[in-house]
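**Q** I am attaching a structure below and will ask some questions about it afterwards.
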Amino acid sequence: MNKSKQNSYQDVNFCLRCGHKLEIKTDREGKYRPQCPACHWIYYKNPVPAVAIVLLNDLHELLLIKRRFEPKAGEWALPSGYMEVYLSPEENALEELIEETGLQGRIKYCIGWHYGSSPLYEKILNIGFRIEATGGTLMAGDDALEARFFPLEQLPPIAFASHREFIRKETDL
Ligand SMILES: [Zn+2]
């Protein structure tokens, strides 16, 4: 097995379904995966999908939140979050917006994606959405300490490379 694949699975030991010890074996395509000898469940390790929101107001100011929790607690970032399995990417983005900033919004378009490393989940696939506000009242909620609009020439340092890239794409900064 090549080293990188082995390392990807070294922290995965027990079947999530039945609790039996997993064995790393090749699947039908010849790829190594942890498999459960008792219930035949296969563990696929995939990048974790997340969404991030670029929202500008009528003054062309950018909406940012100050993060309450690690990673990067106390730093500024776009409203964002890991995807829930019961929400589409678009629904997920709109829900994160409400939860973190109190604003309701409408998807304008998908900015693109950013694929990057994460200390916790190895790889994150971040999907950026351009959203316009349609209502609500701006207030920090959920995992945000603060939520406010910043003039583009006065942005604070942004916590994540993926967010910096989405901001750059949408504002020519
Ligand atoms: Zn099992």
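Starting from 1 in every chain, residues are counted up; chains themselves are A, B, ... following the order of the structure tokens, and ligands are numbered from 1 as listed.
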Which residues, written as a list in words, have at least one atom at most 8 Å from A:Gly112, with only C-alpha atoms counted and residues fewer than 4 positions away on the same chain left out?

**A** Ile127, Gly128, Phe129 and Phe166 of chain A

**Q** Find the spatial neighbours of stretch 63-71 of chain A, counting only C-alpha atoms, within a cut-off of 7 Å - ignore same-chain residues fewer than 3 positions away - and output them as a list in words.

**A** Leu55, Leu56, Gly74, Glu75, Trp76, Ala77, Leu78, Pro79, Asp143, Ala144, Leu145, Glu146, Ala147, Arg148, Phe149 and Phe150 of chain A

**Q** Counting only C-alpha atoms and all ligand atoms, what are the residues of chain A within 10 Å of ligand 1, and for each of them which pair of atoms is the nearest and at what distance in Å, to one decimal? Sort the table by chain and rising number, as a tab-separated table.

**A**
```
residue	atom	partner	partner_atom_place_in_ligand_line	distance
A:Phe14	CA	ligand 1	1 (Zn)	7.8
A:Cys15	CA	ligand 1	1 (Zn)	4.6
A:Leu16	CA	ligand 1	1 (Zn)	6.8
A:Arg17	CA	ligand 1	1 (Zn)	5.1
A:Cys18	CA	ligand 1	1 (Zn)	4.1
A:Gly19	CA	ligand 1	1 (Zn)	5.8
A:His20	CA	ligand 1	1 (Zn)	5.3
A:Lys21	CA	ligand 1	1 (Zn)	7.8
A:Leu22	CA	ligand 1	1 (Zn)	7.6
A:Gln35	CA	ligand 1	1 (Zn)	7.9
A:Cys36	CA	ligand 1	1 (Zn)	4.6
A:Pro37	CA	ligand 1	1 (Zn)	6.7
A:Ala38	CA	ligand 1	1 (Zn)	5.1
A:Cys39	CA	ligand 1	1 (Zn)	4.1
A:His40	CA	ligand 1	1 (Zn)	6.0
A:Trp41	CA	ligand 1	1 (Zn)	5.5
A:Ile42	CA	ligand 1	1 (Zn)	8.4
A:Tyr43	CA	ligand 1	1 (Zn)	10.0
```

**Q** Put those residues in a file: C-alpha atoms, as a PDB file, in the first residue's frame.

**A**
```
ATOM      1  CA  PHE A  14     -13.535   0.203  14.371  1.00  0.00           C
ATOM      2  CA  CYS A  15     -16.716  -0.310  12.364  1.00  0.00           C
ATOM      3  CA  LEU A  16     -19.095   2.643  12.800  1.00  0.00           C
ATOM      4  CA  ARG A  17     -22.041   0.307  12.307  1.00  0.00           C
ATOM      5  CA  CYS A  18     -21.302  -2.723  14.511  1.00  0.00           C
ATOM      6  CA  GLY A  19     -18.099  -1.861  16.410  1.00  0.00           C
ATOM      7  CA  HIS A  20     -15.986  -4.760  15.089  1.00  0.00           C
ATOM      8  CA  LYS A  21     -12.294  -4.143  14.406  1.00  0.00           C
ATOM      9  CA  LEU A  22     -11.769  -3.028  10.801  1.00  0.00           C
ATOM     10  CA  GLN A  35     -13.629  -3.004   5.804  1.00  0.00           C
ATOM     11  CA  CYS A  36     -15.607  -4.722   8.515  1.00  0.00           C
ATOM     12  CA  PRO A  37     -15.259  -8.525   8.447  1.00  0.00           C
ATOM     13  CA  ALA A  38     -18.441  -8.888  10.525  1.00  0.00           C
ATOM     14  CA  CYS A  39     -21.010  -6.727   8.663  1.00  0.00           C
ATOM     15  CA  HIS A  40     -19.066  -5.904   5.447  1.00  0.00           C
ATOM     16  CA  TRP A  41     -19.377  -2.152   5.906  1.00  0.00           C
ATOM     17  CA  ILE A  42     -16.653  -0.269   4.016  1.00  0.00           C
ATOM     18  CA  TYR A  43     -15.170   2.982   5.258  1.00  0.00           C
TER      19      TYR A  43
END
```

**Q** If you run DSSP over the backbone, which residues in stretch 45-136 of chain A end up helix (DSSP H, G or I)? Put them as an MDAnalysis selection string.

**A** chainID A and resid 89:101

**Q** For the selection just defined, write its residues with N, CA and C atoms to a file, as a PDB file, in the first residue's frame.

**A**
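Saved file out-v3.pdb follows:
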```pdb
ATOM      1  N   PRO A  89     -26.103  21.777  -1.035  1.00  0.00           N
ATOM      2  CA  PRO A  89     -25.120  22.843  -0.794  1.00  0.00           C
ATOM      3  C   PRO A  89     -25.779  24.227  -0.692  1.00  0.00           C
ATOM      4  N   GLU A  90     -26.739  24.494  -1.561  1.00  0.00           N
ATOM      5  CA  GLU A  90     -27.403  25.810  -1.544  1.00  0.00           C
ATOM      6  C   GLU A  90     -28.187  26.010  -0.248  1.00  0.00           C
ATOM      7  N   GLU A  91     -28.954  24.973   0.132  1.00  0.00           N
ATOM      8  CA  GLU A  91     -29.725  25.065   1.387  1.00  0.00           C
ATOM      9  C   GLU A  91     -28.796  25.241   2.577  1.00  0.00           C
ATOM     10  N   ASN A  92     -27.686  24.522   2.528  1.00  0.00           N
ATOM     11  CA  ASN A  92     -26.711  24.594   3.612  1.00  0.00           C
ATOM     12  C   ASN A  92     -26.163  26.017   3.759  1.00  0.00           C
ATOM     13  N   ALA A  93     -25.834  26.634   2.633  1.00  0.00           N
ATOM     14  CA  ALA A  93     -25.287  27.990   2.663  1.00  0.00           C
ATOM     15  C   ALA A  93     -26.313  28.972   3.228  1.00  0.00           C
ATOM     16  N   LEU A  94     -27.559  28.858   2.793  1.00  0.00           N
ATOM     17  CA  LEU A  94     -28.595  29.785   3.270  1.00  0.00           C
ATOM     18  C   LEU A  94     -28.860  29.584   4.760  1.00  0.00           C
ATOM     19  N   GLU A  95     -28.792  28.339   5.206  1.00  0.00           N
ATOM     20  CA  GLU A  95     -29.014  28.069   6.630  1.00  0.00           C
ATOM     21  C   GLU A  95     -27.853  28.603   7.487  1.00  0.00           C
ATOM     22  N   GLU A  96     -26.623  28.415   7.015  1.00  0.00           N
ATOM     23  CA  GLU A  96     -25.469  28.957   7.743  1.00  0.00           C
ATOM     24  C   GLU A  96     -25.572  30.480   7.851  1.00  0.00           C
ATOM     25  N   LEU A  97     -26.014  31.103   6.769  1.00  0.00           N
ATOM     26  CA  LEU A  97     -26.145  32.563   6.771  1.00  0.00           C
ATOM     27  C   LEU A  97     -27.109  33.006   7.882  1.00  0.00           C
ATOM     28  N   ILE A  98     -28.261  32.377   7.954  1.00  0.00           N
ATOM     29  CA  ILE A  98     -29.249  32.733   8.985  1.00  0.00           C
ATOM     30  C   ILE A  98     -28.682  32.449  10.368  1.00  0.00           C
ATOM     31  N   GLU A  99     -28.095  31.267  10.538  1.00  0.00           N
ATOM     32  CA  GLU A  99     -27.602  30.864  11.868  1.00  0.00           C
ATOM     33  C   GLU A  99     -26.515  31.800  12.386  1.00  0.00           C
ATOM     34  N   GLU A 100     -25.609  32.200  11.510  1.00  0.00           N
ATOM     35  CA  GLU A 100     -24.447  32.972  11.973  1.00  0.00           C
ATOM     36  C   GLU A 100     -24.648  34.473  11.941  1.00  0.00           C
ATOM     37  N   THR A 101     -25.545  34.961  11.062  1.00  0.00           N
ATOM     38  CA  THR A 101     -25.648  36.420  10.896  1.00  0.00           C
ATOM     39  C   THR A 101     -27.068  36.959  11.054  1.00  0.00           C
TER      40      THR A 101
END
```

**Q** Any chance you could list, as number ranges by chain, the residues in chain A that come up strand (DSSP E or B) when DSSP is run on the backbone?

**A** A: 14, 21, 23-26, 32-35, 42, 48-54, 56, 61-67, 76-77, 80-82, 103-118, 122-136, 144-151, 158

**Q** Tell me which of A:Leu152, A:Tyr115, A:Val51, A:Asp27 sits closest to A:Glu84, counting only C-alpha atoms.

**A**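 Among A:Leu152, A:Tyr115, A:Val51, A:Asp27, it is A:Val51 that comes nearest to A:Glu84.
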
**Q** Go through A:Arg33, A:Leu87, A:Val48, A:Leu62 one by one, measure the shortest atom-to-atom distance of each to A:Pro156 using only C-alpha atoms, and give the residue with the smallest value.

**A**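 For A:Pro156, the nearest of the candidates is A:Leu62.
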
**Q** Using only C-alpha atoms, which of A:Asn57, A:Leu138, A:Glu122, A:Tyr86 sits nearest A:Tyr9?

**A**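 Of A:Asn57, A:Leu138, A:Glu122, A:Tyr86, the one nearest A:Tyr9, counting only C-alpha atoms, is A:Glu122.
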
**Q** Between atom CA of A:Asp11 and atom CA of A:Lys25, what is the distance, to one decimal in Å?

**A**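 Value for the atom CA of A:Asp11-atom CA of A:Lys25 distance: 15.6 Å.
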
**Q** Go ahead and compute the interatomic distance for atom CA of A:Gly135 and atom CA of A:Gln104, in Å to one decimal.

**A**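 A separation of 5.0 Å between them.
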
**Q** Could you pull the residues within 8 Å of stretch 161-165 of chain A, counting only C-alpha atoms, minus those fewer than 3 positions along the same chain, as a list in words?

**A** Ala52, Ala77, Leu78, His114, Tyr115, Gly116, Asn126, Ile158, Arg168 and Lys169 of chain A

**Q** How would the residues just picked look written out with C-alpha atoms as an mmCIF file, in the first residue's frame?

**A**
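Full text of selection.cif as output:
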```
data_model
loop_
_atom_site.group_PDB
_atom_site.id
_atom_site.type_symbol
_atom_site.label_atom_id
_atom_site.label_comp_id
_atom_site.auth_asym_id
_atom_site.auth_seq_id
_atom_site.Cartn_x
_atom_site.Cartn_y
_atom_site.Cartn_z
ATOM 1 C CA ALA A 52 -18.757 29.599 2.465
ATOM 2 C CA ALA A 77 -13.997 34.680 8.280
ATOM 3 C CA LEU A 78 -16.828 34.385 5.806
ATOM 4 C CA HIS A 114 -11.408 25.430 -3.063
ATOM 5 C CA TYR A 115 -9.686 22.179 -2.143
ATOM 6 C CA GLY A 116 -7.396 22.455 0.859
ATOM 7 C CA ASN A 126 -15.080 24.220 0.221
ATOM 8 C CA ILE A 158 -9.173 36.481 7.025
ATOM 9 C CA ARG A 168 -10.422 37.740 -4.140
ATOM 10 C CA LYS A 169 -12.521 36.230 -6.936
#
```

**Q** Figure out the distance between atom CA of A:Trp113 and atom CA of A:Pro151, please, to one decimal in Å.

**A**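 According to the coordinates, atom CA of A:Pro151 and atom CA of A:Trp113 are separated by 24.3 Å.
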
**Q** Which residues are near A:Pro49? Cut-off 6 Å, only C-alpha atoms, ignore same chain within fewer than 2 positions. Put them as number ranges by chain.

**A** A: 83, 124-126

**Q** Pull N, CA and C atoms from the residues just selected and write them as an mmCIF file, in the first residue's frame.

**A**
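The resulting file, again-v2.cif, is shown below:
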```cif
data_model
loop_
_atom_site.group_PDB
_atom_site.id
_atom_site.type_symbol
_atom_site.label_atom_id
_atom_site.label_comp_id
_atom_site.auth_asym_id
_atom_site.auth_seq_id
_atom_site.Cartn_x
_atom_site.Cartn_y
_atom_site.Cartn_z
ATOM 1 N N MET A 83 -21.020 20.828 5.570
ATOM 2 C CA MET A 83 -22.312 20.437 5.010
ATOM 3 C C MET A 83 -22.995 19.367 5.844
ATOM 4 N N ILE A 124 -10.502 19.365 2.916
ATOM 5 C CA ILE A 124 -11.814 20.013 2.882
ATOM 6 C C ILE A 124 -12.092 20.481 1.455
ATOM 7 N N LEU A 125 -13.285 20.206 0.982
ATOM 8 C CA LEU A 125 -13.741 20.731 -0.300
ATOM 9 C C LEU A 125 -14.735 21.844 0.003
ATOM 10 N N ASN A 126 -14.279 23.069 -0.150
ATOM 11 C CA ASN A 126 -15.080 24.220 0.221
ATOM 12 C C ASN A 126 -15.777 24.775 -1.015
#
```

**Q** Looking at A:Pro157, A:Pro47, A:Gly136, A:Pro34, which one is nearest to A:Leu120, with distances taken over only C-alpha atoms?

**A**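 Among the listed residues, A:Pro47 lies closest to A:Leu120.
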
**Q** Fewer than 3 positions away in the same chain doesn't count, so skip those; otherwise give me all residues within 8 Å of A:Arg130, counting only C-alpha atoms, as a list in words.

**A** Ile53, Val54, Leu55, Ile107, Lys108, Tyr109, Cys110 and Ile111 of chain A

**Q** For the selection you just gave me, I'd like the residues written to a file as a PDB file, in the first residue's frame, keeping N, CA and C atoms.

**A**
```pdb
ATOM      1  N   ILE A  53     -19.812  31.755   2.269  1.00  0.00           N
ATOM      2  CA  ILE A  53     -20.723  32.739   1.679  1.00  0.00           C
ATOM      3  C   ILE A  53     -20.039  34.077   1.476  1.00  0.00           C
ATOM      4  N   VAL A  54     -20.106  34.580   0.246  1.00  0.00           N
ATOM      5  CA  VAL A  54     -19.682  35.953  -0.027  1.00  0.00           C
ATOM      6  C   VAL A  54     -20.935  36.786  -0.222  1.00  0.00           C
ATOM      7  N   LEU A  55     -21.155  37.735   0.689  1.00  0.00           N
ATOM      8  CA  LEU A  55     -22.342  38.590   0.628  1.00  0.00           C
ATOM      9  C   LEU A  55     -21.900  40.042   0.770  1.00  0.00           C
ATOM     10  N   ILE A 107     -29.501  32.732  -3.226  1.00  0.00           N
ATOM     11  CA  ILE A 107     -28.290  32.357  -3.960  1.00  0.00           C
ATOM     12  C   ILE A 107     -28.243  33.097  -5.289  1.00  0.00           C
ATOM     13  N   LYS A 108     -27.138  33.781  -5.560  1.00  0.00           N
ATOM     14  CA  LYS A 108     -26.956  34.396  -6.883  1.00  0.00           C
ATOM     15  C   LYS A 108     -26.269  33.401  -7.816  1.00  0.00           C
ATOM     16  N   TYR A 109     -25.153  32.845  -7.354  1.00  0.00           N
ATOM     17  CA  TYR A 109     -24.447  31.839  -8.161  1.00  0.00           C
ATOM     18  C   TYR A 109     -23.382  31.166  -7.305  1.00  0.00           C
ATOM     19  N   CYS A 110     -22.847  30.089  -7.849  1.00  0.00           N
ATOM     20  CA  CYS A 110     -21.743  29.396  -7.198  1.00  0.00           C
ATOM     21  C   CYS A 110     -20.438  30.032  -7.676  1.00  0.00           C
ATOM     22  N   ILE A 111     -19.601  30.445  -6.744  1.00  0.00           N
ATOM     23  CA  ILE A 111     -18.323  31.074  -7.086  1.00  0.00           C
ATOM     24  C   ILE A 111     -17.336  30.044  -7.613  1.00  0.00           C
TER      25      ILE A 111
END
```
